[in-house]
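Taking it in order: structure first as structure tokens, then the write-up.
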Amino acid sequence: MATSRSNRALPNSQSPAAPAAPPSYVGTIVGESASREFRMAVAQEAIREQDLVAVDAELRPTDGQGPPESIRVWAKVQRIERLNPLFPSEAGHELAATRTNPFETVLSLSREMVTAVCQVLGAEPRGNNPRGKLDQLRYPPQPASSVYRPGSEDMARVVLGELAQRANRALDIATLSNRPEVSVSVDGHAIVTRHLAILAMTGAGKSWTARRIIEQLAAKNYPIVIFDPHGDYSRLSEVPALRQKVKRYYAQFPVFEQDSETVVKVVESLGWELAKTHRSHFDTLFEAARAFIKAPAPQIQERTEWLSDYLRNSKIKEYGLKPDLYFFGDFVQAVSAANAAEDFDSLSVLIEWCKQDDLRINKQNAKWLETFPNNLRTAAKRLRLMEKTNQKISGSLDPLPNDRTEIVQYGQVSVVSLAGYTGDFQATIYNLIANDIFQARVQEKLKLPVLLVLEEAHNFVPGRANTPAEERSIAITKQIAQEGRKFGIGLVMISQRPSRLDETTLSQCNSYIIMRLVNPADQNFVRKVIESLGEDEARLLPDLDVGEALLSGQLINFPVLVRIKPPESQGEREEEDAFKALEDAYRSLQQGARQPQEVRGW
Amino acid sequence: MNDHQPSNRRLTEAGVQEDLQRQPHLFVRLAENALTVAESLRGNYFKNTATFIAALRKAIADTQQGRRTDPILEVRRVPETSWADVQDEVVTFIDGGVGQVQLASQVPILLRVGSYRVRTGERRLSEREQFGYYPVILGDLEGGSKERKDFIDIVRITAELLAGLSALERTPDLRVLIFHGPLTYLVGSYAGHTPFTERDIDLFLRQYAQDAQIARALKEDFLRQAHVDIYPKITKRPDEWARQRIFEPLSFIAFLLRRLCERARQRPVPAYIVGVVERGNLRELSETILLERVFRGLRQKGNIDYFNNMYGRTDLSTPKALLDRLGYTDALLMAMLLEPGQYSESWSMNKFDGLRRGEVALPGLADEELVNFEALKPGPFGFPRIRGCYLHVSEITEPVRIEVFDELADADYLENVVRRVYLYSRLLPGYGFPVGLDIADKYAHIPTWLTNAYSKLIRYHLGISLQQGEISDAEMRRVLVQAIYMTHRDWLFRPEP
Ligand SMILES: Nc1ncnc2c1ncn2[C@@H]1O[C@H](COP(=O)(O)OP(=O)(O)OP(=O)(O)O)[C@@H](O)[C@H]1O
Ligand SMILES: [Mg+2]
């Protein structure tokens with residue numbers, strides 16, 4: 001080391017004019033101390049786990065020349081141990097056997113020994129460190145030194161650390177859990193560039209936390225895209241400051257952007273299993289239909305009229321053609337009719353439009369195809385129902401734009417509602433959007449950086465894929481987690497079942513907000529994957545309050561226990577009580593048709 | 001009291017043998033004895049002991065049941081007592097000990113006295129319990145003969161008594177004061193120490209007296225009494241002693257004991273001042289009461305060779321000879337004679353025979369002068385008389401000896417003391433000793449630099465007292481800090497900063 005200062009800490013209690021214990025004295029260092037950890041004796045109840053404390057010390061120059069430097073060592077209470085060494089266990093058994101109240105006896109009950117194990121966070125020059133940066137401590141604080149609780153301002157300064165110099169990065173999201181008057185800001189830059197995971201059991205406050213962060217980022221005009229499977233974010237726009245910034249989209253399932261294999265699965269899950277002939281012609285018909293509808297507007301107009309006339313179905317003209325399964329049904333009906341009637345004129349029209357020779361089918365097969373459209377229309381109807389539900393929950397009139405990257409806008413929070421869709425539909429929609437955005441950033445077509453917020457992330461990035469849809473959503477999320485930083489794509493993953501998350505993806509996150517977790521599998525997983533989370537912190541997880549969180553990783557100077565400030569927006573669900581929700585559900589049952597039946601995969 | 005039915009078996013030799021086998025601690029003691037007694041006594045040692053004890057038990061039982069008029073030993077059962085009977089009583093336990101420092105050899109550096117005060121039934125912890133920890137650094141004392149091995153005992157006894165006295169003075173409702181160990185030691189052997197200086201006494205007093213006023217008063221009271229009544233009886237130069245304001249240790253200890261007794265008696269109901277001794281080696285009760293009566297009876301019945309016949313010897317014709325040859329002690333005999341929950345008759349103890357003339361050097365002087373310690377035998381300015389008895393707490397422990405001031409000890413007082421000691425001890429049936437003494441001991445124990453729970457506690461509390469400036473003497477602070485935080489190699493040899 002180039003500096004001539006030794007890291008020799010002198011005890012403040014032994015200097016000749018030992019100052020009186022500061023008013024906020026909390027304990028005395030006992031036993032052996034180390035530069036990473038020390039123990040202190042505390043009065044009962046004087047201190048809580050995760051409290052921030054400090055010890056004053058003197059650093060003397062190694063050469064013995066010059067005055068010592070006063071430093072303040074900061075530490076965090078990691079765990080508190082209680083022990084009553086004066087209570088013989090034999091006496092305990094005796095009391096139990098004779099049912100004696102210990103207070104009636106001469107046994108000692110008062111001398112519980114409370115020892116707090118403190119982790120050293122670092123040291124700073126005393127009285128002169130506006131930057132709040134802590135240096136590594138290389139010499140242990142002195143035994144018998146007094147430990148005190150610094151004032152709120154000092155605490156805020158140190159928690160903020162170097163972020164104080166970069167106020168524009170700071171997001172004001174929390175207060176210290178044990179010191180409500182101390183605000184805790186986190187580094188927004190780390191969140192938008194290095195990924196964040198918010199992990200907690202259900203109801204612990206994940207969505208509130210995410211909303212708080214989103215509100216703060218939105219105030220800085222950062223482009224955000226939220227994938228919202230439950231409508232948790234539908235009220236974001238009610239916050240006055242965000243009214244102009246939040247844009248909600250409902251999601252249609254773009255049938256013709258899928259491969260035909262996927263669409264077969266969709267149809268089979270929403271309608272019924274395909275007959276053999278239907279299956280054998282499916283790929284041809286689907287490709288033909290895709291070609292039919294993928295045309296410039298004037299041609300679409302012509303084709304719409306043709307189809308409407310050919311099938312003698314005026315509704316087609318009336319509503320226009322949309323790239324959905326209804327259209328696919330109509331198209332199949334036309335192909336089958338033309339073949340069955342051996343109407344070669346119409347067939348050649350179709351073949352030309354679709355550039356598909358195989359549309360010529362023998363009469364027998366064509367007859368068999370006649371029942372196929374029913375299946376497609378049933379599936380279409382159910383899909384439409386999901387879309388409607390989705391639209392309703394999203395509270396939005398805007399479908400996703402054709403160019404999906406348009407949802408990334410300066411100063412815009414885009415909420416993509418996935419509610420109403422079953423899992424694989426959600427995964428697919430997410431995958432399409434994320435993929436488009438990623439590709440656009442890679443190819444520099446999309447100029448703005450973006451933060452993707454993924455609620456219920458365990459459904460999109462599970463440890464093991466069960467369906468091709470999941471496989472694809474895992475692939476794109478992994479890619480973003482690994483390479484997103486290069487391309488200005490940040491990721492916030494929110495999950496109530498962390499142990500189901502893909503481990504590599506989670507470990508790519510550099511910041512973590514962990515709230516109450518009671519499931520042991522989840523606790524263990526989190527402990528294993530997140531390096532910055534210590535054993536003592538992990539132990540706290542099941543006991544956290546709603547709204548309490550451990551912040552760790554690059555978003556914060558050092559891990560702290562905080563209480564998240566409530567967001568200004570309200571979520572969808574916390575507003576409704578169970579009985580009101582029942583009534584709403586009943587009304588929507590009366591209005592709409594049946595919900596799509598629960599299906600495996602799609 | 002009535003003995004229950006199965007106890008008839010107790011009165012037989014076989015019954016005694018069964019008892020012995022059930023009580024390994026007794027069995028071991030007897031086995032040790034069997035190895036040390038003369039060859040000729042060894043053979044039937046167990047059997048003969050059983051025969052002897054059975055006979056004694058029978059004699060005791062006969063007396064209790066009115067079949068015998070000349071008791072060999074009165075045995076009483078502790079009256080049924082529950083915690084409910086002793087609620088809202090303030091009890092203080094005092095225990096002193098030595099702290100050694102691991103240097104090249106074990107050097108005692110620190111004497112510590114711990115006190116634990118508790119009010120039974122009090123639920124507010126802050127009101128309920130109070131601990132005191134009084135360290136004395138031996139090196140700081142000018143008086144006492146440091147070269148003597150018992151120097152530390154003199155200091156400890158003085159310190160404990162001061163702690164007890166201050167507890168009594170500052171706690172108006174103190175009901176019970178229990179010392180770990182004899183209330184008064186066999187003081188004769190401690191005679192001849194160089195007197196303490198006034199500075200020494202100030203060192204002690206700084207720890208004990210809550211306010212300087214009381215401390216000064218105590219000191220002056222002694223010095224006045226010493227000058228007028230004590231020193232003239234023990235030295236030829238009482239005026240010189242008084243001029244030097246020195247504290248002859250035994251005179252001062254006797255003074256403190258008298259003061260304790262006086263203060264206890266001044267209460268509306270006398271406070272119970274008690275010493276409790278575990279693992280004692282005395283045989284005074286056996287020799288001067290129990291066997292004395294046994295031999296008297298044998299003589300009366302013309303059966304003086306009873307023991308000689310039994311053991312096949314010719315020299316077992318006095319209590320002393322019997323105890324010498326067979327290695328019995330009070331604790332051993334009482335363990336076999338008293339059932340758990342019983343206590344022996346009490347007797348006025350002989351603690352003062354050893355007080356004779358002896359040589360004493362004054363502080364800072366090489367010359368010795370002759371001092372008459374006999375003058376400190378019980379009397380207006382000597383030691384108060386002590387009364388003792390044995391209490392058997394549980395089958396798996398040896399009886400403890402209870403000592404009180406003879407002056408206070410009517411039958412009622414003694415019974416009240418015994419009830420309480422019994423109650424406190426039953427919380428530790430495997431130890432058979434008042435639990436509060438265990439607590440005071442643990443509290444005050446100087447760690448042996450091990451990180452066991454107790455040393456942690458002491459470090460903890462000393463750390464806080466240091467912090468709060470309660471220990472202000474700079475040197476003491478330094479040594480304590482060293483003592484508390486010392487690991488094997490550091491601190492004492494650390495260069496000064
Ligand atoms: N920081 C907070 N302060 C106070 N209350 C909070 C806080 N965070 C959450 N809550 C309360 O807890 C409820 C649940 O919060 P939230 O919806 O964020 O939980 P969640 O973890 O997202 O649950 P789920 O897993 O069901 O989505 C909120 O409605 C609110 O009442
Ligand atoms: Mg939620």
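By order in the structure tokens, chains are A, B, ...; within a chain, residues start at 1; ligands start at 1, following the order shown.
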
Using only C-alpha atoms and all ligand atoms, determine which residues fall within 10 Å of ligand 2, then list them as a list in words. Ala200, Met201, Thr202, Gly203, Ala204, Gly205, Lys206, Ser207, Trp208, Thr209, Ala210, Arg211, Asp228, Pro229, His230, Gly231, Asp232, Tyr233, Glu455, Glu456, Ile494, Ser495, Gln496, Gly571, Glu572, Arg573 and Glu574 of chain A

Residues of the last selection are to be written out with C-alpha atoms, as a PDB file, in the first residue's frame.
ATOM      1  CA  ALA A 200     -41.281 -13.085  -2.486  1.00  0.00           C
ATOM      2  CA  MET A 201     -44.157 -15.299  -1.592  1.00  0.00           C
ATOM      3  CA  THR A 202     -47.566 -14.250  -2.724  1.00  0.00           C
ATOM      4  CA  GLY A 203     -48.947 -11.193  -1.024  1.00  0.00           C
ATOM      5  CA  ALA A 204     -45.607 -10.055   0.347  1.00  0.00           C
ATOM      6  CA  GLY A 205     -45.576  -6.927  -1.769  1.00  0.00           C
ATOM      7  CA  LYS A 206     -43.749  -7.742  -5.006  1.00  0.00           C
ATOM      8  CA  SER A 207     -46.105  -5.891  -7.259  1.00  0.00           C
ATOM      9  CA  TRP A 208     -46.178  -2.884  -4.989  1.00  0.00           C
ATOM     10  CA  THR A 209     -42.435  -2.808  -5.054  1.00  0.00           C
ATOM     11  CA  ALA A 210     -42.321  -3.137  -8.796  1.00  0.00           C
ATOM     12  CA  ARG A 211     -44.878  -0.370  -9.162  1.00  0.00           C
ATOM     13  CA  ASP A 228     -48.831  -8.185 -16.819  1.00  0.00           C
ATOM     14  CA  PRO A 229     -50.488 -11.589 -16.475  1.00  0.00           C
ATOM     15  CA  HIS A 230     -52.938 -10.512 -13.766  1.00  0.00           C
ATOM     16  CA  GLY A 231     -53.812  -6.919 -14.445  1.00  0.00           C
ATOM     17  CA  ASP A 232     -51.736  -5.773 -11.486  1.00  0.00           C
ATOM     18  CA  TYR A 233     -50.659  -2.696 -13.432  1.00  0.00           C
ATOM     19  CA  GLU A 455     -44.458 -10.600 -13.601  1.00  0.00           C
ATOM     20  CA  GLU A 456     -44.917 -14.256 -12.643  1.00  0.00           C
ATOM     21  CA  ILE A 494     -40.837 -10.897 -10.449  1.00  0.00           C
ATOM     22  CA  SER A 495     -41.679 -14.255  -8.977  1.00  0.00           C
ATOM     23  CA  GLN A 496     -43.437 -15.825  -6.059  1.00  0.00           C
ATOM     24  CA  GLY A 571     -53.192  -2.449  -8.214  1.00  0.00           C
ATOM     25  CA  GLU A 572     -56.218  -4.118  -9.709  1.00  0.00           C
ATOM     26  CA  ARG A 573     -56.766  -6.723  -7.079  1.00  0.00           C
ATOM     27  CA  GLU A 574     -56.174  -5.106  -3.762  1.00  0.00           C
TER      28      GLU A 574
END

For chain A, which residues have at least one atom within 7 Å of chain B, if we go by only C-alpha atoms? Write them as a list in words, please. Thr28, Val30, Gly31, Ala41, Pro85, Leu86, Glu90, Ala91, Glu94, Phe103, Glu104, Thr105, Val106, Leu107, Ser108, Ser110, Met113, Ala144 and Ser146 of chain A

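Backbone DSSP over segment 172-214 of chain B gives strand (DSSP E or B) for Leu174, Arg175, Val176, Leu177, Ile178, Phe179, His180 and Phe196 of chain B.
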
List as a list in words the protein and nucleic acid residues near segment 376-389 of chain A, meaning an atom at most 7 Å away when only C-alpha atoms are counted, but skip any in the same chain fewer than 3 places from it. Ala251, Gln252, Val267, Leu270, Gly271, Leu325, Tyr326, Gly329, Phe372, Pro373, Lys392, Ile393, Gly420, Tyr421 and Pro596 of chain A

Keeping only C-alpha atoms, write the selected residues to a file as a short mmCIF file (atom, residue, chain, number, x, y, z; two decimals), in the first residue's frame.
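What follows is the written file part-v2.cif:
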data_model
loop_
_atom_site.label_atom_id
_atom_site.label_comp_id
_atom_site.auth_asym_id
_atom_site.auth_seq_id
_atom_site.Cartn_x
_atom_site.Cartn_y
_atom_site.Cartn_z
CA ALA A 251 -52.91 -8.65 -26.78
CA GLN A 252 -54.26 -10.57 -29.69
CA VAL A 267 -56.87 -25.71 -32.48
CA LEU A 270 -59.45 -25.05 -27.96
CA GLY A 271 -61.59 -27.15 -30.34
CA LEU A 325 -58.99 -18.62 -36.99
CA TYR A 326 -62.42 -17.44 -38.21
CA GLY A 329 -62.26 -21.53 -41.18
CA PHE A 372 -63.04 -29.02 -40.56
CA PRO A 373 -64.20 -25.37 -40.42
CA LYS A 392 -61.55 -6.24 -20.53
CA ILE A 393 -58.95 -6.72 -17.86
CA GLY A 420 -57.29 -13.93 -19.74
CA TYR A 421 -54.93 -16.11 -21.72
CA PRO A 596 -62.43 -21.42 -22.21
#

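Within the 6 Å cut-off around segment 445-454 of chain A, using only C-alpha atoms and omitting residues fewer than 3 positions from it on the same chain, the listed residues are Val192, Pro223, Ile224, Val225, Ile226, Phe227, Ala440, Arg441, Ala457, Gly488, Ile489, Gly490, Leu491, Val492 and Met493 of chain A.
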
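Straight-line separation from atom CA of Thr175 of chain A to atom CA of Leu561 of chain A: 8.7 Å.
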
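Distances here use only C-alpha atoms and all ligand atoms; by that measure, the residue among A:Ile474, A:Ile564, A:Leu555, A:Leu307 closest to ligand 1 is A:Ile564.
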
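With distances restricted to only C-alpha atoms and all ligand atoms, A:Val562 is the closest residue to ligand 1 from A:Cys509, A:Ala581, A:Ala288, A:Val562.
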
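In this structure, atom CA of Thr284 of chain A sits 16.5 Å away from atom CA of Pro323 of chain A.
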
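Atom to atom, atom CA of Val421 of chain B and atom CA of Pro88 of chain A stand 17.4 Å apart.
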
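Within 10 Å of Asn362 of chain A, once only C-alpha atoms are used and residues closer than 5 positions along the same chain are dropped, the contacting residues are A:Ser336, A:Asn339, A:Ala340, A:Glu342, A:Lys367.
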
Name all residues at most 7 Å from segment 352-355 of chain B (count only C-alpha atoms; drop same-chain ones fewer than 4 positions away) and give them as a PyMOL selection string. chain B and resi 186-189+373-374+377

Take the residues just selected and output them with N, CA and C atoms as a PDB file, in the first residue's frame.
ATOM      1  N   LEU B 186     -11.944 -21.204  60.680  1.00  0.00           N
ATOM      2  CA  LEU B 186     -11.110 -21.562  61.834  1.00  0.00           C
ATOM      3  C   LEU B 186     -10.012 -20.519  61.880  1.00  0.00           C
ATOM      4  N   VAL B 187     -10.310 -19.441  62.600  1.00  0.00           N
ATOM      5  CA  VAL B 187      -9.527 -18.232  62.415  1.00  0.00           C
ATOM      6  C   VAL B 187      -8.111 -18.324  62.948  1.00  0.00           C
ATOM      7  N   GLY B 188      -7.877 -19.257  63.864  1.00  0.00           N
ATOM      8  CA  GLY B 188      -6.556 -19.345  64.471  1.00  0.00           C
ATOM      9  C   GLY B 188      -5.455 -19.418  63.445  1.00  0.00           C
ATOM     10  N   SER B 189      -5.681 -20.165  62.380  1.00  0.00           N
ATOM     11  CA  SER B 189      -4.606 -20.377  61.419  1.00  0.00           C
ATOM     12  C   SER B 189      -4.311 -19.118  60.607  1.00  0.00           C
ATOM     13  N   PHE B 373      -3.531 -13.059  70.179  1.00  0.00           N
ATOM     14  CA  PHE B 373      -4.797 -13.231  69.485  1.00  0.00           C
ATOM     15  C   PHE B 373      -5.870 -13.884  70.339  1.00  0.00           C
ATOM     16  N   GLU B 374      -5.437 -14.451  71.442  1.00  0.00           N
ATOM     17  CA  GLU B 374      -6.412 -15.088  72.340  1.00  0.00           C
ATOM     18  C   GLU B 374      -7.510 -14.118  72.749  1.00  0.00           C
ATOM     19  N   LYS B 377     -10.995 -14.247  71.199  1.00  0.00           N
ATOM     20  CA  LYS B 377     -11.975 -15.315  71.431  1.00  0.00           C
ATOM     21  C   LYS B 377     -13.302 -14.670  71.802  1.00  0.00           C
TER      22      LYS B 377
END

If DSSP is run on the backbone, what residues of segment 117-196 of chain B are helix (DSSP H, G or I)? A reply as an MDAnalysis selection string would be ideal. chainID B and resid 125:128 138:140 151:170 187:190

Would you list the contacts of segment 193-196 of chain B as a PyMOL selection string, taking every protein, DNA or RNA residue within 8 Å and counting only C-alpha atoms, but skipping same-chain residues closer than 5 positions in sequence? chain B and resi 141-145+151+201+246-249+360-363
